[in-house]
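Engineer: Sharing protein-v3.cif, mmCIF, C-alpha atoms:
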data_query
loop_
_atom_site.label_atom_id
_atom_site.label_comp_id
_atom_site.auth_asym_id
_atom_site.auth_seq_id
_atom_site.Cartn_x
_atom_site.Cartn_y
_atom_site.Cartn_z
CA MET A 93 173.88 51.21 22.50
CA GLU A 94 176.07 53.57 24.49
CA THR A 95 174.28 56.00 26.78
CA ALA A 96 175.38 59.40 28.01
CA ARG A 97 178.16 59.20 30.57
CA SER A 98 177.95 60.74 34.02
CA SER A 99 180.78 63.26 33.71
CA ASP A 100 179.77 66.92 33.53
CA ASP A 101 181.19 67.25 30.04
CA ASP A 102 178.87 64.50 28.75
CA ILE A 103 175.65 66.01 30.10
CA GLU A 104 173.55 67.70 27.44
CA PRO A 105 172.57 71.36 27.96
CA THR A 106 169.23 71.60 29.69
CA ALA A 107 166.10 73.11 28.23
CA ALA A 108 166.69 76.11 30.44
CA ASP A 109 170.07 76.58 28.81
CA ASP A 110 168.57 76.29 25.34
CA ASP A 111 165.75 78.71 26.12
CA ALA A 112 167.95 81.42 27.58
CA GLY A 113 166.51 84.66 26.31
CA ASP A 114 167.33 88.30 26.02
CA GLY A 115 167.92 88.62 29.74
CA ALA A 116 170.84 86.19 29.71
CA PRO A 117 174.08 88.04 30.43
CA ALA A 118 176.63 88.19 27.65
CA PRO A 119 179.72 86.07 28.33
CA PRO A 120 182.68 88.09 29.62
CA PRO A 121 185.33 88.99 27.05
CA ARG A 122 188.51 86.98 27.08
CA PRO A 123 191.67 88.81 28.13
CA GLY A 124 194.30 90.15 25.75
CA TRP A 125 194.94 88.56 22.38
CA ARG A 126 192.68 85.60 23.14
CA ARG A 127 189.60 87.70 22.46
CA TRP A 128 190.62 87.85 18.78
CA VAL A 129 191.27 84.19 18.06
CA MET A 130 188.87 81.28 17.66
CA ASP A 131 186.65 80.63 20.66
CA THR A 132 187.29 77.00 21.61
CA ARG A 133 184.93 76.77 24.59
CA PRO A 134 182.67 74.19 22.86
CA LEU A 135 185.60 71.75 22.76
CA ARG A 136 185.43 71.52 26.56
CA HIS A 137 182.29 69.41 26.12
CA ARG A 138 183.34 65.85 25.34
CA PRO A 139 180.34 64.94 23.11
CA PHE A 140 180.80 68.00 20.90
CA ARG A 141 184.54 67.36 20.81
CA ARG A 142 183.82 63.88 19.44
CA LEU A 143 181.40 65.23 16.83
CA TRP A 144 183.86 67.94 15.81
CA SER A 145 186.76 65.48 15.63
CA SER A 146 184.75 63.26 13.29
CA THR A 147 184.14 66.29 11.06
CA THR A 148 187.84 67.11 11.16
CA ILE A 149 188.81 63.61 10.06
CA THR A 150 186.44 63.50 7.09
CA ALA A 151 186.87 67.12 5.94
CA ILE A 152 189.93 66.24 3.88
CA GLY A 153 189.01 62.63 3.09
CA SER A 154 185.70 63.60 1.50
CA GLN A 155 187.48 66.13 -0.68
CA LEU A 156 189.77 63.38 -1.97
CA THR A 157 186.71 61.57 -3.32
CA ALA A 158 185.24 64.85 -4.57
CA VAL A 159 188.35 65.27 -6.74
CA ALA A 160 188.79 61.60 -7.67
CA VAL A 161 185.27 61.08 -9.08
CA PRO A 162 185.32 63.87 -11.71
CA LYS A 163 188.94 63.02 -12.52
CA GLN A 164 188.05 59.37 -13.17
CA ILE A 165 184.99 60.32 -15.24
CA TYR A 166 187.07 62.70 -17.35
CA ASP A 167 189.76 60.06 -17.82
CA ILE A 168 187.12 57.61 -19.08
CA THR A 169 185.16 59.96 -21.35
CA GLY A 170 187.53 62.85 -22.15
CA SER A 171 184.43 65.06 -21.79
CA SER A 172 183.79 67.87 -19.31
CA ALA A 173 180.09 67.55 -20.15
CA TRP A 174 180.01 64.11 -18.52
CA VAL A 175 181.65 65.58 -15.44
CA GLY A 176 178.77 68.07 -15.28
CA TYR A 177 176.18 65.34 -15.80
CA ALA A 178 177.67 63.41 -12.90
CA SER A 179 177.45 66.46 -10.65
CA PHE A 180 173.75 66.78 -11.39
CA ALA A 181 173.30 63.03 -10.89
CA GLY A 182 174.25 63.60 -7.26
CA LEU A 183 172.14 66.75 -6.79
CA LEU A 184 168.65 65.21 -6.93
CA PRO A 185 169.27 62.49 -4.30
CA LEU A 186 171.03 65.07 -2.12
CA VAL A 187 167.99 67.37 -2.22
CA VAL A 188 165.42 64.60 -1.75
CA PHE A 189 167.21 62.79 1.06
CA ALA A 190 168.25 65.96 2.85
CA LEU A 191 164.60 66.99 3.12
CA TRP A 192 163.47 63.51 4.15
CA GLY A 193 166.51 63.09 6.41
CA GLY A 194 165.51 66.24 8.26
CA VAL A 195 162.16 64.63 9.09
CA VAL A 196 163.81 61.39 10.21
CA ALA A 197 166.30 63.35 12.35
CA ASP A 198 163.32 64.83 14.21
CA ARG A 199 161.67 61.42 14.66
CA MET A 200 164.47 59.11 15.83
CA ASP A 201 167.69 59.12 17.82
CA ARG A 202 170.07 61.38 15.87
CA ARG A 203 173.12 59.41 16.93
CA THR A 204 171.57 56.24 15.48
CA LEU A 205 170.75 58.01 12.22
CA MET A 206 174.32 59.31 11.96
CA LEU A 207 175.67 55.80 12.51
CA ILE A 208 173.43 54.30 9.81
CA THR A 209 174.18 56.97 7.24
CA ASN A 210 177.91 57.01 7.98
CA VAL A 211 177.98 53.26 7.36
CA GLY A 212 176.27 53.90 4.02
CA ILE A 213 178.79 56.59 3.06
CA ALA A 214 181.70 54.33 4.08
CA VAL A 215 180.32 51.40 2.04
CA THR A 216 179.97 53.56 -1.07
CA SER A 217 183.55 54.80 -0.59
CA LEU A 218 184.73 51.17 -0.46
CA LEU A 219 182.74 50.47 -3.63
CA PHE A 220 184.37 53.48 -5.29
CA TRP A 221 187.73 51.94 -4.39
CA ALA A 222 186.69 48.48 -5.64
CA GLN A 223 185.50 49.67 -9.05
CA SER A 224 188.60 51.80 -9.56
CA PHE A 225 190.94 49.03 -8.39
CA ALA A 226 189.21 46.56 -10.69
CA GLY A 227 189.48 48.97 -13.62
CA LEU A 228 185.77 48.84 -14.54
CA ASP A 229 185.91 52.22 -16.31
CA SER A 230 182.11 52.52 -16.17
CA VAL A 231 180.59 56.00 -15.99
CA ALA A 232 177.21 54.46 -15.17
CA VAL A 233 178.63 52.70 -12.09
CA LEU A 234 180.32 55.93 -10.96
CA MET A 235 177.12 57.94 -11.32
CA VAL A 236 175.08 55.35 -9.40
CA LEU A 237 177.64 55.29 -6.59
CA LEU A 238 177.81 59.08 -6.53
CA ALA A 239 174.01 59.34 -6.35
CA ALA A 240 173.93 56.79 -3.50
CA GLN A 241 176.67 58.55 -1.56
CA GLN A 242 175.01 61.95 -1.95
CA GLY A 243 171.75 60.42 -0.74
CA PHE A 244 173.43 59.09 2.40
CA PHE A 245 175.13 62.46 2.91
CA GLY A 246 171.77 64.20 2.54
CA MET A 247 170.35 61.98 5.30
CA ASN A 248 173.41 62.43 7.51
CA SER A 249 173.82 66.19 7.35
CA PRO A 250 170.56 67.29 9.08
CA ALA A 251 171.11 64.88 11.98
CA ARG A 252 174.72 65.97 12.41
CA ASN A 253 173.96 69.69 12.33
CA ALA A 254 170.82 69.46 14.44
CA SER A 255 172.79 67.62 17.16
CA VAL A 256 175.00 70.59 17.99
CA ALA A 257 172.34 72.36 20.07
CA ARG A 258 172.06 69.22 22.21
CA LEU A 259 175.80 69.12 22.87
CA VAL A 260 176.77 72.70 23.79
CA PRO A 261 175.08 75.51 25.78
CA ALA A 262 173.10 78.09 23.81
CA ASP A 263 175.65 80.88 24.33
CA GLU A 264 178.39 78.72 22.72
CA LEU A 265 176.48 77.93 19.51
CA PRO A 266 178.21 80.65 17.42
CA ALA A 267 181.62 79.40 18.56
CA ALA A 268 180.63 75.81 17.75
CA GLY A 269 179.49 76.90 14.29
CA ALA A 270 182.78 78.69 13.69
CA LEU A 271 184.75 75.59 14.70
CA GLN A 272 182.82 73.33 12.34
CA SER A 273 182.80 75.77 9.42
CA THR A 274 186.53 76.43 9.72
CA VAL A 275 187.30 72.72 9.55
CA ALA A 276 185.05 72.29 6.50
CA GLN A 277 186.64 75.23 4.68
CA THR A 278 190.14 74.00 5.55
CA GLY A 279 189.26 70.65 4.03
CA MET A 280 188.12 72.40 0.85
CA ILE A 281 191.59 73.92 0.54
CA LEU A 282 193.85 71.08 1.65
CA GLY A 283 191.83 68.19 0.20
CA PRO A 284 192.13 69.15 -3.49
CA LEU A 285 195.78 70.13 -3.02
CA LEU A 286 196.53 66.78 -1.39
CA ALA A 287 194.57 64.93 -4.07
CA GLY A 288 196.55 66.66 -6.81
CA ALA A 289 199.80 65.65 -5.13
CA LEU A 290 198.76 62.03 -4.42
CA ILE A 291 197.12 61.04 -7.72
CA PRO A 292 200.42 60.79 -9.66
CA VAL A 293 202.07 58.91 -6.78
CA LEU A 294 199.38 56.60 -5.38
CA GLY A 295 196.67 56.60 -8.05
CA LEU A 296 192.91 57.12 -7.83
CA PRO A 297 192.03 53.85 -6.03
CA THR A 298 194.14 54.83 -3.02
CA LEU A 299 192.34 58.17 -2.71
CA TYR A 300 189.02 56.35 -2.40
CA LEU A 301 190.54 53.96 0.13
CA ILE A 302 191.90 56.81 2.28
CA ASP A 303 188.41 58.33 2.40
CA ALA A 304 186.91 54.98 3.39
CA VAL A 305 189.41 54.53 6.23
CA ALA A 306 188.74 58.07 7.46
CA LEU A 307 185.02 57.29 7.52
CA CYS A 308 185.66 54.24 9.69
CA VAL A 309 187.38 56.50 12.22
CA THR A 310 184.37 58.82 12.01
CA LEU A 311 182.07 55.90 12.81
CA TRP A 312 184.03 55.24 15.99
CA ALA A 313 183.73 58.90 17.04
CA VAL A 314 179.97 58.96 16.38
CA TRP A 315 179.53 55.66 18.26
CA ARG A 316 181.01 57.37 21.33
CA LEU A 317 178.39 60.14 21.27
CA PRO A 318 175.54 60.08 23.80
CA ALA A 319 172.10 58.99 22.66
CA MET A 320 170.01 61.88 21.30
CA PRO A 321 166.39 60.69 21.10
CA PRO A 322 163.53 63.14 20.42
CA LEU A 323 162.83 65.36 23.43
CA THR A 324 159.06 65.46 23.04
CA GLU A 325 156.46 62.70 23.02
CA GLY A 326 154.94 64.14 19.85
CA ALA A 327 158.19 63.76 17.97
CA THR A 328 158.58 60.18 19.16
CA GLY A 329 155.05 59.31 18.14
CA GLY A 330 155.65 60.85 14.75
CA ALA A 331 158.28 58.23 14.00
CA ARG A 332 155.53 56.08 12.48
CA ARG A 333 154.98 58.73 9.79
CA GLY A 334 158.20 60.41 8.77
CA GLY A 335 156.74 61.08 5.33
CA TRP A 336 156.47 64.00 2.95
CA ARG A 337 153.62 65.51 4.96
CA ASP A 338 156.23 66.13 7.64
CA VAL A 339 158.49 67.77 5.06
CA ALA A 340 155.60 70.09 4.19
CA ASP A 341 155.14 70.78 7.91
CA GLY A 342 158.76 71.93 7.98
CA PHE A 343 158.22 74.41 5.16
CA ARG A 344 155.05 75.70 6.85
CA TYR A 345 157.07 76.12 10.04
CA ILE A 346 159.60 78.24 8.16
CA ALA A 347 156.85 80.33 6.57
CA THR A 348 155.32 81.13 9.96
CA HIS A 349 158.62 81.94 11.68
CA ARG A 350 159.93 85.10 10.06
CA ILE A 351 163.37 84.92 11.66
CA LEU A 352 164.03 81.50 10.15
CA LEU A 353 162.56 82.56 6.81
CA MET A 354 164.78 85.64 6.67
CA SER A 355 167.91 83.62 7.46
CA PHE A 356 167.18 81.34 4.49
CA LEU A 357 166.35 84.25 2.20
CA ALA A 358 169.59 86.02 3.12
CA ASP A 359 171.59 82.94 2.15
CA ILE A 360 169.66 82.44 -1.08
CA ILE A 361 170.25 86.07 -2.07
CA ALA A 362 173.97 85.83 -1.29
CA MET A 363 174.55 82.58 -3.15
CA VAL A 364 172.23 82.91 -6.15
CA PHE A 365 173.12 86.50 -7.03
CA GLY A 366 176.61 86.71 -5.60
CA MET A 367 178.49 83.43 -6.17
CA PRO A 368 180.54 84.04 -9.36
CA ARG A 369 182.56 80.82 -9.55
CA ALA A 370 181.12 79.91 -12.98
CA LEU A 371 182.91 82.98 -14.39
CA PHE A 372 186.31 82.21 -12.85
CA PRO A 373 187.60 80.36 -15.94
CA GLN A 374 186.55 83.20 -18.25
CA LEU A 375 188.11 85.83 -16.00
CA ALA A 376 191.33 83.82 -15.66
CA SER A 377 191.51 83.36 -19.43
CA HIS A 378 190.89 87.01 -20.35
CA THR A 379 191.01 89.61 -17.57
CA TYR A 380 193.85 88.01 -15.58
CA ALA A 381 195.68 86.27 -18.44
CA PRO A 382 198.86 88.39 -17.94
CA TRP A 383 199.42 86.59 -14.61
CA GLY A 384 199.08 83.16 -16.21
CA GLU A 385 195.71 81.51 -16.78
CA GLY A 386 196.31 78.44 -14.61
CA PHE A 387 197.88 80.44 -11.79
CA ALA A 388 195.03 82.96 -11.82
CA LEU A 389 192.36 80.26 -11.89
CA GLY A 390 193.85 78.48 -8.89
CA LEU A 391 194.02 81.71 -6.90
CA LEU A 392 190.43 82.63 -7.73
CA PHE A 393 189.08 79.28 -6.58
CA ALA A 394 191.21 79.27 -3.41
CA ALA A 395 190.58 82.87 -2.33
CA ILE A 396 187.08 82.51 -0.83
CA PRO A 397 187.83 79.41 1.30
CA LEU A 398 191.14 80.97 2.40
CA GLY A 399 189.28 84.05 3.56
CA ALA A 400 186.70 81.86 5.32
CA VAL A 401 189.43 79.98 7.19
CA ALA A 402 191.04 83.26 8.23
CA GLY A 403 187.67 84.45 9.48
CA GLY A 404 187.23 81.24 11.43
CA LEU A 405 190.65 81.49 13.05
CA LEU A 406 189.79 85.04 14.16
CA SER A 407 186.20 84.22 15.06
CA GLY A 408 186.73 85.43 18.62
CA THR A 409 186.20 88.91 17.19
CA PHE A 410 182.53 88.18 16.41
CA SER A 411 181.36 84.86 17.87
CA ARG A 412 180.14 86.48 21.12
CA ALA A 413 177.96 89.08 19.39
CA ARG A 414 174.36 89.06 20.64
CA ARG A 415 172.55 90.67 17.68
CA HIS A 416 172.55 87.59 15.45
CA GLY A 417 170.12 88.93 12.87
CA LEU A 418 172.12 92.13 12.46
CA MET A 419 175.32 90.11 12.09
CA VAL A 420 173.77 88.09 9.23
CA ILE A 421 172.61 91.27 7.48
CA ALA A 422 175.99 92.96 7.87
CA ALA A 423 177.85 89.85 6.67
CA VAL A 424 175.70 89.36 3.56
CA VAL A 425 175.95 93.07 2.66
CA ALA A 426 179.72 92.85 3.13
CA TRP A 427 179.75 89.76 0.87
CA GLY A 428 177.89 91.70 -1.82
CA VAL A 429 180.21 94.71 -1.58
CA ALA A 430 183.30 92.48 -1.74
CA ILE A 431 181.96 90.61 -4.78
CA THR A 432 181.24 93.96 -6.46
CA GLY A 433 184.82 95.01 -5.75
CA PHE A 434 186.04 91.74 -7.24
CA GLY A 435 184.03 92.36 -10.40
CA LEU A 436 185.53 95.83 -10.80
CA SER A 437 189.13 94.67 -10.23
CA LEU A 438 191.49 94.55 -13.18
CA ASN A 439 194.45 93.56 -11.02
CA LEU A 440 194.60 89.90 -9.98
CA TRP A 441 195.85 90.62 -6.47
CA TRP A 442 193.05 93.10 -5.80
CA ALA A 443 190.61 90.50 -7.13
CA VAL A 444 191.99 87.85 -4.76
CA ALA A 445 191.88 90.30 -1.85
CA PHE A 446 188.21 91.10 -2.48
CA LEU A 447 187.35 87.40 -2.79
CA ALA A 448 189.17 86.70 0.47
CA LEU A 449 187.16 89.45 2.17
CA ALA A 450 184.04 87.84 0.74
CA GLY A 451 185.19 84.57 2.33
CA VAL A 452 185.49 86.25 5.73
CA ALA A 453 181.97 87.66 5.33
CA ASP A 454 180.70 84.24 4.30
CA MET A 455 182.16 82.68 7.43
CA VAL A 456 180.41 85.27 9.65
CA SER A 457 177.15 84.68 7.79
CA MET A 458 177.46 80.89 8.10
CA VAL A 459 178.13 81.08 11.83
CA PHE A 460 175.13 83.23 12.68
CA ARG A 461 172.71 81.69 10.19
CA GLY A 462 173.58 78.30 11.63
CA THR A 463 173.14 79.61 15.16
CA ILE A 464 169.73 81.08 14.31
CA LEU A 465 168.61 77.70 12.95
CA GLN A 466 169.76 75.99 16.15
CA ALA A 467 168.35 78.57 18.58
CA ALA A 468 165.15 79.81 16.92
CA ALA A 469 163.79 76.37 15.98
CA THR A 470 162.40 73.93 18.51
CA ASP A 471 164.26 70.63 18.87
CA ASP A 472 161.49 68.66 17.13
CA MET A 473 161.96 70.91 14.05
CA ARG A 474 165.75 71.31 14.00
CA GLY A 475 166.30 68.31 11.75
CA ARG A 476 163.92 69.63 9.11
CA MET A 477 165.44 73.10 9.31
CA GLN A 478 168.89 71.60 8.76
CA GLY A 479 167.54 69.56 5.85
CA VAL A 480 166.29 72.72 4.14
CA PHE A 481 169.62 74.39 4.99
CA THR A 482 171.49 71.56 3.25
CA VAL A 483 169.32 71.97 0.15
CA VAL A 484 169.88 75.75 0.08
CA VAL A 485 173.64 75.38 0.51
CA ALA A 486 173.84 72.71 -2.21
CA GLY A 487 171.36 74.22 -4.64
CA GLY A 488 172.10 77.94 -4.39
CA PRO A 489 175.59 77.85 -5.96
CA ARG A 490 174.37 75.56 -8.77
CA ILE A 491 171.60 78.04 -9.65
CA ALA A 492 174.23 80.78 -9.44
CA ASP A 493 176.40 78.90 -11.94
CA LEU A 494 173.53 78.96 -14.43
CA LEU A 495 172.63 82.62 -13.85
CA HIS A 496 176.20 83.92 -13.87
CA GLY A 497 177.14 81.82 -16.88
CA THR A 498 174.20 83.28 -18.81
CA ALA A 499 174.75 86.83 -17.59
CA GLY A 500 178.48 86.60 -18.32
CA SER A 501 177.74 85.69 -21.93
CA LEU A 502 175.32 88.61 -22.30
CA LEU A 503 177.00 91.36 -20.25
CA GLY A 504 180.60 90.25 -19.95
CA ALA A 505 182.13 88.51 -16.94
CA ARG A 506 183.18 91.55 -14.93
CA ALA A 507 179.87 93.37 -15.41
CA ALA A 508 177.90 90.27 -14.44
CA VAL A 509 179.94 89.79 -11.26
CA ALA A 510 179.74 93.44 -10.20
CA ALA A 511 176.01 93.63 -10.91
CA GLY A 512 175.37 90.45 -8.94
CA GLY A 513 177.30 91.71 -5.91
CA LEU A 514 175.48 95.03 -6.00
CA LEU A 515 172.15 93.21 -6.21
CA VAL A 516 173.07 91.17 -3.12
CA ALA A 517 173.85 94.29 -1.07
CA VAL A 518 170.73 96.20 -2.15
CA SER A 519 168.39 93.22 -1.72
CA THR A 520 169.72 92.42 1.74
CA LEU A 521 169.36 96.00 2.90
CA GLY A 522 165.81 95.87 1.56
CA LEU A 523 165.14 92.78 3.69
CA ALA A 524 166.57 94.54 6.75
CA VAL A 525 164.22 97.49 6.23
CA ALA A 526 161.19 95.33 5.44
CA VAL A 527 161.62 93.00 8.45
CA PRO A 528 163.00 95.00 11.40
CA ALA A 529 162.42 92.01 13.71
CA PHE A 530 165.19 90.17 11.91
CA ARG A 531 167.83 92.86 12.35
CA ARG A 532 166.84 93.14 16.03
CA TYR A 533 166.84 89.38 16.61
CA THR A 534 168.74 88.25 19.70
CA PRO A 535 168.45 84.64 20.95
#
Before we go any further, please render this structure as C-alpha cells.
Structural biologist:
Amino acid sequence: METARSSDDDIEPTAADDDAGDGAPAPPPRPGWRRWVMDTRPLRHRPFRRLWSSTTITAIGSQLTAVAVPKQIYDITGSSAWVGYASFAGLLPLVVFALWGGVVADRMDRRTLMLITNVGIAVTSLLFWAQSFAGLDSVAVLMVLLAAQQGFFGMNSPARNASVARLVPADELPAAGALQSTVAQTGMILGPLLAGALIPVLGLPTLYLIDAVALCVTLWAVWRLPAMPPLTEGATGGARRGGWRDVADGFRYIATHRILLMSFLADIIAMVFGMPRALFPQLASHTYAPWGEGFALGLLFAAIPLGAVAGGLLSGTFSRARRHGLMVIAAVVAWGVAITGFGLSLNLWWAVAFLALAGVADMVSMVFRGTILQAAATDDMRGRMQGVFTVVVAGGPRIADLLHGTAGSLLGARAAVAAGGLLVAVSTLGLAVAVPAFRRYTP
C-alpha cells in the first residue's frame, strides 16, 4: 500500500491547522479580477488534486450510466412507471449503505475504503455493459445491478467527502468544496447532453463501457492518494464493531451539536419545500407551451445546474467568507426567494433566470454546508456526518417530488412552486432567529 510521500504538497494538514479557531487571520484577498473567480488554492496540494481529478473524470461518465439505465428500461418496457420503480430500487441501498459506509469510513483507512468501493462500482458498470451487449433485455437484472451500484456509491461517498479535511488546510475547505461541487454540476449538464448525442451513434453498451473505463482511471488516482487511517485510537478500536449502534451514535452526535443539526435542517427545508422539478413537465406543457414544450422542459431542467456552475466559477466572491452559518442562511433564503420568483413567472426566460439564480444560491449553500460538516465535526465522526449528508441529498429531492406533485394537483403548479419557495425563506429565517449560534458560527 502506498504511503504519504515526503513532499510538502503530500503532507496532510496538522491538527493545529484543522483546529484553527476564531482568532485565525482571514486569508488576504487576491488582487484584481482574480478575487472574483474560482479559488484554486486547494489544487496546490497533490493529494487533493488527485482526489479532485478522479471526481472530474467520473462526473460525466457516471451521468452516461444515469441516462443509459432509464433509457434501456423504457426501451424494454415502454413504461415510465418502471423507470420510476427502478429509481426507487436504487434509493434503499443508497440510504442504507451511505449510513453504514459513514461508520466504516470512521473505522478504517478511507483510501482503502474508496479503493474497494470504486472497484465495486467499476465491476457493476462492466456488468451493465455485458448485459446490454448480450441483449438480455431483463429489467430484473438492471434493477439488481442498479441497486448494487447505488450501494457501492453509498459506501464510497462518505469516505470520499470526509477525506477532504485531511488533504487541505482548514481555511481552504470552502474553496475545495466549490471545486468539487462545480465539477459535479458540470457533469450533470454535459453528461446527459453527451449521452443524448452518443446513443444514436454508439449505442447504449458503449455508454456503459465508457463509464467503466473512466472508473478504472479513477481507481488509479485514488491508489495514488496517501493512506488516511483513523486519527484516534478509539476510532481504530471501533473497527471491530462498525455496526448500527455506531450509526445511532452518529445521529446522537448530530442532535447534540446544534451547528451540525442546523446545517442539515437548512438543507432539508430547501430541498423538501423548494425543489420543484416534479412540476417541470406540467409547467412546460401548460404555462410555457408557447415556447415549445420540449424546448421549455430542457431549459427548466438545465437552469439550476447552469446557475450552480456559474456560481462555482465565480466562487472567489464568497469562498473566503468567515461567517459560514450566516452564509448558509443567506443562501437558503435566496434559494427560496428565487424559487418563489420562478413560480410567479409567466415568461419562460424570467423563469429560467430565477432558476439559475436558485442554482447560484444552491452552490453557495453546498459549499458552506459541506465546510461546516468538515470543520465542526471531529475526524472520527466525519464519515458518519457525510453518510447522513448523502442520505439527505439523495432523499430530500425525492420527498420533494412527492410533495410538489401532490400540491401541484391540488393548487396548480405555479401556486405550489411559489408557496414552497416562500415556505423555504420563512422557515429558514425562523431557524436563524431561533438558533443565533448558527448564524454567528465561524470555524
Engineer: Once the PyMOL selection byres ((chain A and resi 423-432) around 8) has been evaluated on this model, what residues remain selected, and can you format them as a ChimeraX atom specification?
Structural biologist: /A:358-359,362,366,419-422,433-436,446-447,449-451,453-454,456-457,509-518,520-521
Engineer: Applied to this file, what does the PyMOL selection byres ((chain A and resi 439) around 12) return in terms of residues, put as an MDAnalysis selection string?
Structural biologist: chainID A and resid 375:376 378:383 388 433:438 440:446
Engineer: Between A:Val236, A:Leu228, A:Ala289, A:Ala340, which is the closest to Trp192 in chain A once you count only C-alpha atoms?
Structural biologist: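 Among the listed residues, A:Ala340 lies closest to Trp192 in chain A.
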Engineer: What separation in Å, quoted to one decimal, exists between CA of Leu285 in chain A and CA of Asp303 in chain A?
Structural biologist: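 The value is 14.9 Å.
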Engineer: Tell me which of A:Ala178, A:Gln277, A:Ala313, A:Val161 sits closest to Ile149 in chain A, counting all atoms listed in the file.
Structural biologist: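 That would be A:Ala313, the residue with the smallest distance to Ile149 in chain A.
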Engineer: Quick one: distance from CA of Thr209 in chain A to CA of Ala251 in chain A in Å, one decimal?
Structural biologist: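 That distance, rounded to one decimal, is 9.7 Å.
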Engineer: Which residues match the PyMOL selection byres ((chain A and resi 185) around 10) in the file above, as number ranges by chain?
Structural biologist: A: 180-184, 186-191, 238-247
Engineer: When you draw a straight line from CA of Gly295 in chain A to CA of Leu398 in chain A, how long is it in Å?
Structural biologist: 27.1 Å
Engineer: Looking at all atoms listed in the file, which of A:Val256, A:Ala394, A:Met367, A:Arg476 is the one that sits closest to Arg344 in chain A?
Structural biologist: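 Ranked by minimum distance to Arg344 in chain A, first place goes to A:Arg476.
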Engineer: Can you tell me, as number ranges by chain, what residues are no more than 10 Å from Thr157 in chain A when counting only C-alpha atoms, ignoring any on the same chain fewer than 6 positions away?
Structural biologist: A: 163, 217, 220-221, 238, 283-284, 287, 296-297, 299-304
Engineer: Which of these residues is nearest to Ala319 in chain A, using only C-alpha atoms: A:Arg258, A:Arg474, A:Ala529, A:Leu352?
Structural biologist: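 The closest residue to Ala319 in chain A is A:Arg258.
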Engineer: Using only C-alpha atoms, which of the listed residues (A:Asp263, A:Arg199, A:Leu290, A:Ile360) sits closest to Ala160 in chain A?
Structural biologist: A:Leu290
Engineer: Tell me, as a PDB file with C-alpha atoms, in the frame of the given file, which residues lie within 8 Å of Ser411 in chain A, counting all atoms listed in the file; anything in the same chain fewer than 5 positions away does not count.
Structural biologist:
ATOM      1  CA  ASP A 131     186.650  80.630  20.660  1.00  0.00           C
ATOM      2  CA  PRO A 266     178.210  80.650  17.420  1.00  0.00           C
ATOM      3  CA  ALA A 267     181.620  79.400  18.560  1.00  0.00           C
ATOM      4  CA  ALA A 270     182.780  78.690  13.690  1.00  0.00           C
ATOM      5  CA  VAL A 459     178.130  81.080  11.830  1.00  0.00           C
TER       6      VAL A 459
END
Engineer: When distances are computed from all atoms listed in the file, which of A:Gly462, A:Gly417, A:Gly475, A:Gly386 shows the smallest separation from Arg531 in chain A?
Structural biologist: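 Distance minimum relative to Arg531 in chain A lands on A:Gly417.
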Engineer: Env of Gly404 in chain A: 9 Å cut, atoms = only C-alpha atoms, seq-sep filter 4 positions within chain, self excluded. Answer as a PyMOL selection string.
Structural biologist: chain A and resi 129-130+270-271+273-275+399-400+408+452+455-456
Engineer: So that I can check the surroundings of Ser255 in chain A, please list as a ChimeraX atom specification every protein, DNA and RNA residue that reaches within 10 Å of it, counting only C-alpha atoms and ignoring chain neighbours fewer than 4 positions away.
Structural biologist: /A:139-140,143,197,201-203,206,249-251,259-260,320,466,471,474-475
Engineer: What's around Leu495 in chain A at 10 Å? Count only C-alpha atoms, leave out sequence neighbours fewer than 2 positions away in its own chain, and write the answer as a PyMOL selection string.
Structural biologist: chain A and resi 364-365+367-368+370+489-493+497-500+508+512
